[in-house]
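Text of the file entry37.pdb, holding PDB, C-alpha atoms, pLDDT in the B column:
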```pdb
ATOM      1  CA  MET A 145     -12.042 -76.280-104.471  1.00 74.00           C
ATOM      2  CA  THR A 146     -14.367 -75.885-101.502  1.00 82.00           C
ATOM      3  CA  VAL A 147     -13.246 -76.766 -97.991  1.00 81.00           C
ATOM      4  CA  GLN A 148     -15.940 -78.109 -95.690  1.00 83.00           C
ATOM      5  CA  PRO A 149     -15.656 -77.654 -91.909  1.00 81.00           C
ATOM      6  CA  VAL A 150     -15.269 -80.807 -89.854  1.00 79.00           C
ATOM      7  CA  GLN A 151     -16.156 -81.340 -86.223  1.00 76.00           C
ATOM      8  CA  LEU A 152     -14.106 -83.869 -84.303  1.00 73.00           C
ATOM      9  CA  SER A 153     -15.190 -85.481 -81.061  1.00 68.00           C
ATOM     10  CA  LEU A 154     -13.494 -87.694 -78.503  1.00 68.00           C
ATOM     11  CA  LEU A 155     -16.645 -88.914 -76.845  1.00 70.00           C
ATOM     12  CA  PRO A 156     -16.218 -92.492 -75.556  1.00 66.00           C
ATOM     13  CA  GLU A 157     -18.868 -93.971 -77.858  1.00 67.00           C
ATOM     14  CA  GLN A 158     -16.920 -92.680 -80.848  1.00 64.00           C
ATOM     15  CA  LEU A 159     -13.550 -94.079 -79.813  1.00 67.00           C
ATOM     16  CA  SER A 160     -12.232 -97.364 -81.174  1.00 73.00           C
ATOM     17  CA  PRO A 161     -12.726-100.406 -78.953  1.00 73.00           C
ATOM     18  CA  LEU A 162      -9.831-101.473 -76.747  1.00 76.00           C
ATOM     19  CA  PRO A 163      -7.596-104.284 -78.080  1.00 76.00           C
ATOM     20  CA  ASN A 164      -8.832-106.766 -75.461  1.00 77.00           C
ATOM     21  CA  GLN A 165     -12.406-106.083 -76.607  1.00 79.00           C
ATOM     22  CA  LEU A 166     -11.434-106.678 -80.232  1.00 79.00           C
ATOM     23  CA  ILE A 167      -9.643-109.940 -79.485  1.00 80.00           C
ATOM     24  CA  GLY A 168     -12.788-111.294 -77.837  1.00 83.00           C
ATOM     25  CA  GLN A 169     -14.697-110.738 -81.079  1.00 85.00           C
ATOM     26  CA  LEU A 170     -12.257-112.706 -83.256  1.00 86.00           C
ATOM     27  CA  PRO A 171     -12.432-116.454 -83.840  1.00 92.00           C
ATOM     28  CA  PRO A 172      -9.868-118.265 -81.636  1.00 91.00           C
ATOM     29  CA  PRO A 173      -7.921-119.723 -84.609  1.00 94.00           C
ATOM     30  CA  GLN A 174      -7.329-116.196 -85.963  1.00 90.00           C
ATOM     31  CA  VAL A 175      -6.195-114.945 -82.562  1.00 89.00           C
ATOM     32  CA  GLN A 176      -3.799-117.888 -82.253  1.00 93.00           C
ATOM     33  CA  GLU A 177      -2.380-117.249 -85.738  1.00 93.00           C
ATOM     34  CA  ALA A 178      -1.935-113.535 -85.013  1.00 90.00           C
ATOM     35  CA  LEU A 179      -0.113-114.284 -81.757  1.00 92.00           C
ATOM     36  CA  THR A 180       2.082-116.858 -83.507  1.00 96.00           C
ATOM     37  CA  GLN A 181       3.031-114.356 -86.208  1.00 96.00           C
ATOM     38  CA  LEU A 182       3.740-111.683 -83.596  1.00 95.00           C
ATOM     39  CA  ALA A 183       5.973-114.060 -81.637  1.00 96.00           C
ATOM     40  CA  ARG A 184       7.897-114.944 -84.812  1.00 96.00           C
ATOM     41  CA  LEU A 185       8.385-111.274 -85.648  1.00 96.00           C
ATOM     42  CA  ILE A 186       9.631-110.498 -82.141  1.00 96.00           C
ATOM     43  CA  ALA A 187      12.032-113.453 -82.274  1.00 96.00           C
ATOM     44  CA  LYS A 188      13.339-112.396 -85.695  1.00 96.00           C
ATOM     45  CA  MET A 189      13.881-108.799 -84.588  1.00 95.00           C
ATOM     46  CA  THR A 190      15.583-109.932 -81.366  1.00 95.00           C
ATOM     47  CA  ALA A 191      17.946-112.194 -83.296  1.00 93.00           C
ATOM     48  CA  ALA A 192      18.793-109.400 -85.751  1.00 91.00           C
ATOM     49  CA  HIS A 193      19.458-107.002 -82.883  1.00 89.00           C
ATOM     50  CA  ARG A 194      21.756-109.531 -81.206  1.00 89.00           C
ATOM     51  CA  GLU A 195      23.689-110.122 -84.439  1.00 85.00           C
ATOM     52  CA  GLU A 196      24.082-106.392 -84.877  1.00 81.00           C
ATOM     53  CA  ALA A 197      25.330-106.024 -81.289  1.00 83.00           C
ATOM     54  CA  ASP A 198      27.823-108.875 -81.804  1.00 79.00           C
ATOM     55  CA  ASP A 199      29.242-107.134 -84.897  1.00 74.00           C
ATOM     56  CA  GLU A 200      30.118-104.014 -82.905  1.00 70.00           C
TER      57      GLU A 200
END
```

Now that the file is in, can you turn its structure into structure tokens?
Amino acid sequence: MTVQPVQLSLLPEQLSPLPNQLIGQLPPPQVQEALTQLARLIAKMTAAHREEADDE
């Protein structure tokens, strides 16, 4: 097995775009669906946390 050297760089042009830049590139219906799913997940986790706290 041969190991090849790798050079890493953190130059700005090689970094991933910021989330707000990515959202602007998505179709609005997909953004709305993603936000809806995120809100549901947060609500579900909050409810589970509350139930767990009530059990203690």

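Rounded to one decimal, CA of Arg194 (chain A) and CA of Val175 (chain A) lie 28.5 Å from each other.
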
(request) Would you work out the distance separating CA of Leu162 (chain A) from CA of Ile186 (chain A), expressed in Å to one decimal? (result)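 Calculated distance between CA of Leu162 (chain A) and CA of Ile186 (chain A) is 22.1 Å.
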
(request) Report the distance between CA of Gln176 (chain A) and CA of Glu195 (chain A) in Å, rounded to one decimal place. (result)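 Interatomic distance, CA of Gln176 (chain A) to CA of Glu195 (chain A): 28.6 Å.
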
(request) For the point (-5.1, -109.7, -80.4) in the file's frame, write as a VMD selection string all residues with an atom no more than 8 Å away, counting all atoms listed in the file. (result) chain A and resid 163 to 164 166 to 167 175 178 to 179
